[in-house]
$ cat coords.txt   # compact mmCIF, N, CA and C atoms and all ligand atoms
# COMPACT_ATOMS: atom_id res chain seq x y z
N MET A 446 88.61 93.38 78.59
CA MET A 446 89.22 93.43 79.92
C MET A 446 89.79 94.82 80.16
N PRO A 447 89.40 95.43 81.25
CA PRO A 447 89.95 96.78 81.52
C PRO A 447 91.43 96.69 81.83
N SER A 448 92.18 97.67 81.41
CA SER A 448 93.61 97.60 81.68
C SER A 448 93.85 97.93 83.16
N ILE A 449 94.77 97.18 83.74
CA ILE A 449 95.06 97.34 85.16
C ILE A 449 96.10 98.43 85.33
N GLU A 450 95.91 99.22 86.34
CA GLU A 450 96.87 100.29 86.62
C GLU A 450 97.36 100.20 88.05
N TYR A 451 98.59 100.57 88.25
CA TYR A 451 99.15 100.62 89.61
C TYR A 451 99.78 101.99 89.82
N LYS A 452 98.94 102.99 89.75
CA LYS A 452 99.47 104.36 89.86
C LYS A 452 99.39 104.89 91.29
N THR A 453 98.29 104.58 91.94
CA THR A 453 98.12 105.14 93.28
C THR A 453 98.67 104.17 94.33
N ASP A 454 98.92 104.70 95.51
CA ASP A 454 99.39 103.85 96.60
C ASP A 454 98.40 102.72 96.88
N GLN A 455 97.12 103.07 96.78
CA GLN A 455 96.09 102.09 97.03
C GLN A 455 96.16 100.94 96.01
N GLN A 456 96.33 101.30 94.75
CA GLN A 456 96.44 100.27 93.71
C GLN A 456 97.67 99.41 93.92
N LYS A 457 98.78 100.04 94.27
CA LYS A 457 100.00 99.27 94.50
C LYS A 457 99.84 98.35 95.70
N LYS A 458 99.24 98.90 96.75
CA LYS A 458 99.03 98.12 97.95
C LYS A 458 98.20 96.87 97.67
N SER A 459 97.13 97.06 96.91
CA SER A 459 96.28 95.90 96.67
C SER A 459 97.00 94.89 95.77
N PHE A 460 97.88 95.38 94.92
CA PHE A 460 98.68 94.43 94.14
C PHE A 460 99.61 93.63 95.06
N TYR A 461 100.35 94.35 95.91
CA TYR A 461 101.32 93.66 96.76
C TYR A 461 100.65 92.76 97.80
N ASN A 462 99.37 92.99 98.04
CA ASN A 462 98.64 92.11 98.95
C ASN A 462 97.89 91.00 98.23
N SER A 463 97.97 91.00 96.93
CA SER A 463 97.18 90.03 96.17
C SER A 463 97.77 88.63 96.31
N ASN A 464 96.91 87.67 96.10
CA ASN A 464 97.33 86.29 96.17
C ASN A 464 98.34 85.97 95.07
N ALA A 465 98.14 86.58 93.91
CA ALA A 465 99.05 86.33 92.78
C ALA A 465 100.46 86.79 93.11
N TRP A 466 100.57 87.77 93.99
CA TRP A 466 101.90 88.27 94.35
C TRP A 466 102.45 87.58 95.58
N ARG A 467 101.69 87.65 96.68
CA ARG A 467 102.26 87.16 97.93
C ARG A 467 101.65 85.87 98.44
N GLY A 468 100.82 85.25 97.64
CA GLY A 468 100.24 83.97 98.04
C GLY A 468 101.30 82.88 98.09
N PRO A 469 100.93 81.70 98.59
CA PRO A 469 101.90 80.60 98.74
C PRO A 469 102.56 80.19 97.42
N ASN A 470 101.88 80.41 96.32
CA ASN A 470 102.50 80.13 95.02
C ASN A 470 102.65 81.40 94.21
N GLY A 471 102.69 82.50 94.90
CA GLY A 471 102.74 83.79 94.23
C GLY A 471 104.08 84.04 93.55
N LEU A 472 104.08 85.08 92.74
CA LEU A 472 105.25 85.42 91.96
C LEU A 472 106.44 85.79 92.84
N ARG A 473 106.13 86.36 93.99
CA ARG A 473 107.20 86.78 94.89
C ARG A 473 108.05 85.58 95.32
N ILE A 474 107.36 84.52 95.74
CA ILE A 474 108.05 83.30 96.16
C ILE A 474 108.78 82.68 94.98
N GLN A 475 108.13 82.68 93.82
CA GLN A 475 108.78 82.10 92.64
C GLN A 475 110.08 82.82 92.34
N ALA A 476 110.07 84.14 92.46
CA ALA A 476 111.29 84.91 92.18
C ALA A 476 112.35 84.61 93.23
N LEU A 477 111.95 84.56 94.49
CA LEU A 477 112.91 84.26 95.56
C LEU A 477 113.54 82.89 95.36
N GLU A 478 112.70 81.92 94.99
CA GLU A 478 113.24 80.58 94.80
C GLU A 478 114.18 80.52 93.61
N ARG A 479 113.76 81.17 92.54
CA ARG A 479 114.63 81.21 91.35
C ARG A 479 115.98 81.84 91.70
N ASP A 480 115.93 82.90 92.52
CA ASP A 480 117.16 83.64 92.87
C ASP A 480 117.86 83.05 94.09
N ASN A 481 117.39 81.90 94.56
CA ASN A 481 118.05 81.24 95.67
C ASN A 481 118.03 82.05 96.96
N TYR A 482 117.05 82.91 97.11
CA TYR A 482 116.95 83.77 98.29
C TYR A 482 118.23 84.57 98.51
N GLU A 483 118.79 85.04 97.41
CA GLU A 483 120.01 85.85 97.47
C GLU A 483 119.80 87.16 96.75
N CYS A 484 120.38 88.22 97.28
CA CYS A 484 120.36 89.50 96.58
C CYS A 484 121.17 89.37 95.30
N GLN A 485 120.53 89.66 94.18
CA GLN A 485 121.20 89.48 92.89
C GLN A 485 122.25 90.55 92.62
N GLN A 486 122.06 91.71 93.19
CA GLN A 486 123.06 92.76 93.00
C GLN A 486 124.31 92.47 93.84
N CYS A 487 124.10 92.02 95.06
CA CYS A 487 125.24 91.60 95.88
C CYS A 487 126.00 90.48 95.17
N LYS A 488 125.24 89.58 94.60
CA LYS A 488 125.84 88.47 93.87
C LYS A 488 126.73 88.98 92.74
N ARG A 489 126.23 89.97 92.02
CA ARG A 489 127.03 90.54 90.93
C ARG A 489 128.30 91.20 91.46
N GLU A 490 128.24 91.63 92.72
CA GLU A 490 129.42 92.26 93.33
C GLU A 490 130.27 91.24 94.09
N GLY A 491 129.91 89.98 93.94
CA GLY A 491 130.70 88.93 94.55
C GLY A 491 130.40 88.64 96.01
N LYS A 492 129.27 89.17 96.48
CA LYS A 492 128.90 88.93 97.88
C LYS A 492 127.64 88.05 97.93
N VAL A 493 127.44 87.47 99.09
CA VAL A 493 126.23 86.68 99.28
C VAL A 493 125.39 87.33 100.38
N THR A 494 124.21 87.74 100.03
CA THR A 494 123.28 88.27 101.02
C THR A 494 122.00 87.48 100.93
N THR A 495 121.74 86.70 101.97
CA THR A 495 120.52 85.91 101.99
C THR A 495 119.60 86.45 103.08
N ASP A 496 118.41 85.96 103.09
CA ASP A 496 117.48 86.42 104.10
C ASP A 496 117.90 85.87 105.47
N SER A 497 117.53 86.59 106.51
CA SER A 497 117.91 86.15 107.84
C SER A 497 117.03 84.99 108.28
N ILE A 498 117.57 84.20 109.15
CA ILE A 498 116.83 83.07 109.71
C ILE A 498 116.10 83.57 110.96
N GLN A 499 114.88 83.10 111.11
CA GLN A 499 114.13 83.51 112.29
C GLN A 499 114.74 82.89 113.55
N GLU A 500 114.98 83.75 114.54
CA GLU A 500 115.50 83.25 115.81
C GLU A 500 114.38 83.21 116.83
N GLU A 501 114.50 82.27 117.75
CA GLU A 501 113.50 82.11 118.79
C GLU A 501 113.19 83.43 119.49
N GLY A 502 111.91 83.74 119.56
CA GLY A 502 111.50 84.91 120.33
C GLY A 502 111.85 86.24 119.72
N LYS A 503 112.41 86.21 118.51
CA LYS A 503 112.77 87.47 117.87
C LYS A 503 111.97 87.67 116.60
N HIS A 504 111.81 88.91 116.25
CA HIS A 504 111.18 89.21 114.98
C HIS A 504 112.16 88.89 113.87
N LYS A 505 111.65 88.27 112.85
CA LYS A 505 112.51 87.98 111.71
C LYS A 505 112.79 89.28 110.98
N GLU A 506 114.05 89.51 110.76
CA GLU A 506 114.44 90.72 110.05
C GLU A 506 114.38 90.45 108.55
N ILE A 507 113.59 91.24 107.87
CA ILE A 507 113.47 91.02 106.44
C ILE A 507 114.61 91.73 105.74
N LYS A 508 115.35 90.99 104.99
CA LYS A 508 116.47 91.60 104.28
C LYS A 508 116.25 91.64 102.78
N LEU A 509 115.40 90.77 102.30
CA LEU A 509 115.27 90.67 100.86
C LEU A 509 113.93 91.21 100.36
N ASN A 510 113.99 91.89 99.27
CA ASN A 510 112.81 92.38 98.57
C ASN A 510 112.80 91.76 97.18
N VAL A 511 111.62 91.59 96.66
CA VAL A 511 111.54 91.24 95.24
C VAL A 511 111.17 92.51 94.50
N ASP A 512 112.07 92.88 93.63
CA ASP A 512 111.95 94.16 92.94
C ASP A 512 111.46 93.95 91.52
N HIS A 513 110.65 94.90 91.06
CA HIS A 513 110.29 94.93 89.64
C HIS A 513 111.34 95.75 88.91
N LYS A 514 112.06 95.11 88.01
CA LYS A 514 113.08 95.84 87.26
C LYS A 514 112.43 96.99 86.49
N TYR A 515 111.31 96.68 85.89
CA TYR A 515 110.52 97.72 85.26
C TYR A 515 109.34 97.98 86.18
N PRO A 516 109.28 99.18 86.76
CA PRO A 516 108.28 99.44 87.81
C PRO A 516 106.85 99.24 87.33
N ILE A 517 106.05 98.66 88.20
CA ILE A 517 104.67 98.37 87.82
C ILE A 517 103.87 99.63 87.55
N GLU A 518 104.32 100.72 88.13
CA GLU A 518 103.62 101.98 87.90
C GLU A 518 103.63 102.35 86.41
N PHE A 519 104.75 102.06 85.76
CA PHE A 519 104.86 102.41 84.34
C PHE A 519 104.71 101.21 83.43
N TYR A 520 104.91 100.04 83.99
CA TYR A 520 104.81 98.82 83.18
C TYR A 520 103.86 97.82 83.86
N PRO A 521 102.59 98.19 83.97
CA PRO A 521 101.65 97.32 84.70
C PRO A 521 101.57 95.92 84.11
N LYS A 522 101.81 95.79 82.82
CA LYS A 522 101.72 94.46 82.21
C LYS A 522 102.85 93.56 82.65
N LEU A 523 103.91 94.13 83.19
CA LEU A 523 105.04 93.32 83.63
C LEU A 523 104.99 93.02 85.13
N ALA A 524 103.86 93.35 85.74
CA ALA A 524 103.75 93.18 87.19
C ALA A 524 103.89 91.72 87.59
N LEU A 525 103.37 90.83 86.76
CA LEU A 525 103.40 89.41 87.10
C LEU A 525 104.22 88.60 86.10
N VAL A 526 105.28 89.20 85.62
CA VAL A 526 106.20 88.52 84.71
C VAL A 526 107.47 88.20 85.48
N LEU A 527 107.74 86.92 85.61
CA LEU A 527 108.87 86.49 86.44
C LEU A 527 110.19 87.11 85.97
N GLU A 528 110.35 87.24 84.67
CA GLU A 528 111.59 87.81 84.13
C GLU A 528 111.78 89.27 84.54
N ASN A 529 110.70 89.91 84.95
CA ASN A 529 110.81 91.31 85.37
C ASN A 529 111.14 91.44 86.85
N LEU A 530 111.29 90.31 87.51
CA LEU A 530 111.51 90.35 88.96
C LEU A 530 112.95 90.02 89.31
N GLU A 531 113.40 90.65 90.38
CA GLU A 531 114.76 90.40 90.83
C GLU A 531 114.79 90.53 92.34
N THR A 532 115.47 89.58 92.97
CA THR A 532 115.60 89.64 94.42
C THR A 532 116.72 90.61 94.78
N LEU A 533 116.40 91.57 95.62
CA LEU A 533 117.39 92.55 96.07
C LEU A 533 117.33 92.67 97.58
N CYS A 534 118.49 92.93 98.20
CA CYS A 534 118.47 93.20 99.62
C CYS A 534 117.89 94.60 99.84
N VAL A 535 117.55 94.90 101.07
CA VAL A 535 116.93 96.19 101.36
C VAL A 535 117.83 97.33 100.89
N TYR A 536 119.11 97.17 101.13
CA TYR A 536 120.05 98.22 100.74
C TYR A 536 120.00 98.47 99.23
N HIS A 537 120.15 97.40 98.47
CA HIS A 537 120.18 97.59 97.02
C HIS A 537 118.82 98.00 96.47
N HIS A 538 117.77 97.56 97.14
CA HIS A 538 116.45 97.99 96.71
C HIS A 538 116.31 99.51 96.90
N ASN A 539 116.76 99.98 98.03
CA ASN A 539 116.72 101.42 98.28
C ASN A 539 117.58 102.18 97.29
N VAL A 540 118.75 101.63 97.02
CA VAL A 540 119.63 102.28 96.04
C VAL A 540 118.92 102.39 94.70
N LYS A 541 118.30 101.30 94.32
CA LYS A 541 117.63 101.28 93.03
C LYS A 541 116.48 102.29 92.99
N GLU A 542 115.77 102.38 94.08
CA GLU A 542 114.64 103.31 94.13
C GLU A 542 115.10 104.74 94.36
N GLY A 543 116.41 104.92 94.51
CA GLY A 543 116.93 106.26 94.69
C GLY A 543 116.73 106.82 96.08
N ARG A 544 116.51 105.91 97.06
CA ARG A 544 116.27 106.38 98.41
C ARG A 544 117.56 106.49 99.22
N THR A 545 118.66 106.04 98.64
CA THR A 545 119.93 106.12 99.34
C THR A 545 120.91 106.87 98.47
N MET A 546 121.78 107.62 99.06
CA MET A 546 122.83 108.22 98.26
C MET A 546 123.75 107.11 97.82
N ASP A 547 123.99 107.03 96.57
CA ASP A 547 124.74 105.91 96.05
C ASP A 547 126.05 106.39 95.46
N LYS A 548 127.12 106.03 96.14
CA LYS A 548 128.42 106.44 95.64
C LYS A 548 129.06 105.34 94.81
N ILE A 549 128.51 104.14 94.94
CA ILE A 549 129.12 103.02 94.23
C ILE A 549 128.72 103.03 92.76
N ARG A 550 127.45 103.31 92.53
CA ARG A 550 126.98 103.29 91.15
C ARG A 550 126.36 104.64 90.81
N PRO A 551 127.20 105.65 90.59
CA PRO A 551 126.66 106.99 90.37
C PRO A 551 125.80 107.10 89.13
N LYS A 552 125.92 106.14 88.23
CA LYS A 552 125.12 106.26 87.01
C LYS A 552 123.66 105.87 87.21
N SER A 553 123.31 105.42 88.41
CA SER A 553 121.91 105.01 88.61
C SER A 553 120.98 106.21 88.82
N LYS A 554 121.31 107.31 88.22
CA LYS A 554 120.41 108.46 88.26
C LYS A 554 119.14 108.13 87.48
N LYS A 555 118.09 108.85 87.79
CA LYS A 555 116.83 108.58 87.11
C LYS A 555 116.99 108.71 85.60
N LYS A 556 116.77 107.62 84.95
CA LYS A 556 116.87 107.59 83.50
C LYS A 556 115.54 107.14 82.95
N LYS A 557 115.24 107.58 81.78
CA LYS A 557 114.04 107.06 81.12
C LYS A 557 114.22 105.58 80.87
N TRP A 558 113.20 104.83 81.19
CA TRP A 558 113.30 103.38 80.96
C TRP A 558 113.28 103.13 79.45
N ASP A 559 114.04 102.17 79.08
CA ASP A 559 114.22 101.85 77.68
C ASP A 559 113.11 100.92 77.22
N ASP A 560 112.23 101.49 76.46
CA ASP A 560 111.05 100.74 76.01
C ASP A 560 111.37 99.63 75.03
N GLU A 561 112.44 99.81 74.30
CA GLU A 561 112.64 98.92 73.15
C GLU A 561 113.00 97.51 73.53
N ARG A 562 113.51 97.34 74.74
CA ARG A 562 113.86 95.97 75.13
C ARG A 562 112.63 95.12 75.35
N TRP A 563 111.49 95.72 75.49
CA TRP A 563 110.29 94.92 75.74
C TRP A 563 109.37 94.98 74.53
ZN ZN A 601 122.37 93.53 97.90

$ encode --input "coords.txt" --output "structure tokens" --more "lines below"
Ligand SMILES: [Zn+2]
Amino acid sequence: MPSIEYKTDQQKKSFYNSNAWRGPNGLRIQALERDNYECQQCKREGKVTTDSIQEEGKHKEIKLNVDHKYPIEFYPKLALVLENLETLCVYHHNVKEGRTMDKIRPKSKKKKWDDERW
């Protein structure tokens, strides 16, 4: 079996569009259900952030992402491992990806991922 890689945008895109990820029984839904549709980081901070409810005639605002704790780019084998998934709100997902200036958790600077735990 050839090893699967998710290095390019195209490869990542096809993963995130795959049935195994976003299908009706995909890992994404499994992670959301396990996490009660709540941001796990908000939960750790004592807050509750759930996904928004669709309102009539309005676009549903997506608030929750399912994040790979170990990014699939570097850990392709963990792409479909439920334990590697965590529900995060958009804010915390951006913080984790380093897309937001984070004053709350300054230690979240880019660190080498710790291989030994896996
Ligand atoms: Zn959050």

$ closest_atom_pairs --input "coords.txt" --of "chain A" --to "ligand ZN 601 (chain A)" --cutoff "7 Å" --atoms "only N, CA and C atoms and all ligand atoms" --output "tab-separated table"
residue	atom	partner	partner_atom	distance
A:Glu483	C	A:ZN601	ZN	7.0
A:Cys484	CA	A:ZN601	ZN	4.7
A:Gln485	N	A:ZN601	ZN	5.7
A:Gln486	C	A:ZN601	ZN	4.6
A:Cys487	N	A:ZN601	ZN	3.7
A:Lys488	N	A:ZN601	ZN	5.9
A:Thr494	CA	A:ZN601	ZN	6.2
A:Leu533	C	A:ZN601	ZN	5.1
A:Cys534	N	A:ZN601	ZN	3.9
A:Val535	N	A:ZN601	ZN	5.9
A:Tyr536	C	A:ZN601	ZN	5.6
A:His537	N	A:ZN601	ZN	4.5
A:His538	N	A:ZN601	ZN	6.2

$ atom_distance --input "coords.txt" --atom1 "CA of Leu525 (chain A)" --atom2 "CA of Thr495 (chain A)"
23.0 Å

$ atom_distance --input "coords.txt" --atom1 "atom C of Trp466 (chain A)" --atom2 "CA of His513 (chain A)"
12.3 Å

$ atom_distance --input "coords.txt" --atom1 "CA of Asp512 (chain A)" --atom2 "atom N of Gly468 (chain A)"
15.0 Å

$ closest_residue --input "coords.txt" --among "A:Leu530, A:Leu477, A:Ile517, A:Val540" --to "Lys457 (chain A)" --atoms "all atoms listed in the file"
A:Ile517

$ closest_residue --input "coords.txt" --among "A:Leu509, A:Phe519, A:Arg544, A:Asp496" --to "Arg473 (chain A)" --atoms "only C-alpha atoms"
A:Leu509

$ closest_residue --input "coords.txt" --among "A:Leu527, A:Ser463, A:Ser448, A:Lys503" --to "Gln475 (chain A)" --atoms "only N, CA and C atoms"
A:Leu527

$ axis_aligned_box --input "coords.txt" --around "region 457-474 of chain A" --padding-each-side "3 Å" --output "lines of an AutoDock Vina configuration file"
center_x = 102.5
center_y = 90.1
center_z = 95.5
size_x = 18.5
size_y = 25.9
size_z = 13.0

$ decode --input "coords.txt" --residues "region 474-485 of chain A" --atoms "all heavy atoms" --output "tab-separated table (two decimals), in the first residue's frame"
chain	number	residue	atom	x	y	z
A	474	ILE	N	-17.75	14.00	12.14
A	474	ILE	CA	-18.98	13.90	12.93
A	474	ILE	C	-18.72	13.12	14.22
A	474	ILE	O	-19.19	13.49	15.29
A	474	ILE	CB	-20.08	13.19	12.10
A	474	ILE	CG1	-20.50	14.08	10.92
A	474	ILE	CG2	-21.27	12.82	12.95
A	474	ILE	CD1	-21.27	15.32	11.30
A	475	GLN	N	-17.95	12.05	14.10
A	475	GLN	CA	-17.66	11.26	15.29
A	475	GLN	C	-16.97	12.11	16.35
A	475	GLN	O	-17.25	12.01	17.55
A	475	GLN	CB	-16.78	10.07	14.93
A	475	GLN	CG	-17.51	9.01	14.13
A	475	GLN	CD	-16.60	7.82	13.84
A	475	GLN	OE1	-15.84	7.38	14.68
A	475	GLN	NE2	-16.67	7.32	12.62
A	476	ALA	N	-16.04	12.95	15.91
A	476	ALA	CA	-15.32	13.81	16.86
A	476	ALA	C	-16.27	14.84	17.47
A	476	ALA	O	-16.25	15.08	18.68
A	476	ALA	CB	-14.15	14.50	16.18
A	477	LEU	N	-17.11	15.44	16.63
A	477	LEU	CA	-18.06	16.43	17.13
A	477	LEU	C	-19.01	15.81	18.15
A	477	LEU	O	-19.29	16.40	19.20
A	477	LEU	CB	-18.86	17.02	15.97
A	477	LEU	CG	-18.13	18.03	15.08
A	477	LEU	CD1	-18.92	18.31	13.81
A	477	LEU	CD2	-17.87	19.34	15.82
A	478	GLU	N	-19.47	14.60	17.85
A	478	GLU	CA	-20.40	13.96	18.78
A	478	GLU	C	-19.71	13.60	20.08
A	478	GLU	O	-20.24	13.82	21.16
A	478	GLU	CB	-21.03	12.73	18.11
A	478	GLU	CG	-22.10	13.18	17.14
A	478	GLU	CD	-22.83	12.04	16.47
A	478	GLU	OE1	-22.43	10.87	16.65
A	478	GLU	OE2	-23.80	12.33	15.74
A	479	ARG	N	-18.50	13.08	19.96
A	479	ARG	CA	-17.74	12.75	21.17
A	479	ARG	C	-17.55	13.99	22.03
A	479	ARG	O	-17.65	13.94	23.25
A	479	ARG	CB	-16.39	12.15	20.79
A	479	ARG	CG	-15.55	11.76	21.99
A	479	ARG	CD	-14.08	11.68	21.66
A	479	ARG	NE	-13.59	12.96	21.17
A	479	ARG	CZ	-12.41	13.15	20.60
A	479	ARG	NH1	-11.60	12.14	20.43
A	479	ARG	NH2	-12.04	14.34	20.19
A	480	ASP	N	-17.27	15.12	21.36
A	480	ASP	CA	-16.98	16.37	22.09
A	480	ASP	C	-18.24	17.17	22.39
A	480	ASP	O	-18.15	18.32	22.83
A	480	ASP	CB	-15.99	17.22	21.29
A	480	ASP	CG	-14.61	16.58	21.22
A	480	ASP	OD1	-14.33	15.68	22.04
A	480	ASP	OD2	-13.82	16.97	20.34
A	481	ASN	N	-19.40	16.58	22.12
A	481	ASN	CA	-20.65	17.25	22.45
A	481	ASN	C	-20.87	18.55	21.69
A	481	ASN	O	-21.54	19.44	22.17
A	481	ASN	CB	-20.67	17.57	23.94
A	481	ASN	CG	-21.78	16.86	24.63
A	481	ASN	OD1	-22.78	16.51	23.98
A	481	ASN	ND2	-21.64	16.64	25.92
A	482	TYR	N	-20.26	18.67	20.53
A	482	TYR	CA	-20.36	19.89	19.73
A	482	TYR	C	-19.94	21.13	20.53
A	482	TYR	O	-20.57	22.17	20.46
A	482	TYR	CB	-21.79	20.06	19.16
A	482	TYR	CG	-22.14	19.01	18.13
A	482	TYR	CD1	-22.60	17.76	18.51
A	482	TYR	CD2	-21.98	19.26	16.77
A	482	TYR	CE1	-22.90	16.79	17.58
A	482	TYR	CE2	-22.30	18.30	15.82
A	482	TYR	CZ	-22.76	17.06	16.24
A	482	TYR	OH	-23.07	16.11	15.33
A	483	GLU	N	-18.90	20.95	21.31
A	483	GLU	CA	-18.38	22.05	22.13
A	483	GLU	C	-16.90	22.24	21.85
A	483	GLU	O	-16.17	21.26	21.71
A	483	GLU	CB	-18.48	21.68	23.62
A	483	GLU	CG	-19.77	22.01	24.29
A	483	GLU	CD	-19.69	21.64	25.77
A	483	GLU	OE1	-18.78	22.12	26.45
A	483	GLU	OE2	-20.52	20.83	26.21
A	484	CYS	N	-16.46	23.48	21.85
A	484	CYS	CA	-15.03	23.76	21.74
A	484	CYS	C	-14.33	23.23	22.99
A	484	CYS	O	-14.68	23.61	24.11
A	484	CYS	CB	-14.78	25.24	21.58
A	484	CYS	SG	-13.02	25.66	21.72
A	485	GLN	N	-13.36	22.36	22.79
A	485	GLN	CA	-12.70	21.73	23.93
A	485	GLN	C	-11.75	22.68	24.65
A	485	GLN	O	-11.51	22.55	25.84
A	485	GLN	CB	-11.96	20.47	23.47
A	485	GLN	CG	-12.88	19.41	22.90
A	485	GLN	CD	-13.95	18.98	23.90
A	485	GLN	OE1	-13.64	18.31	24.87
A	485	GLN	NE2	-15.19	19.38	23.66
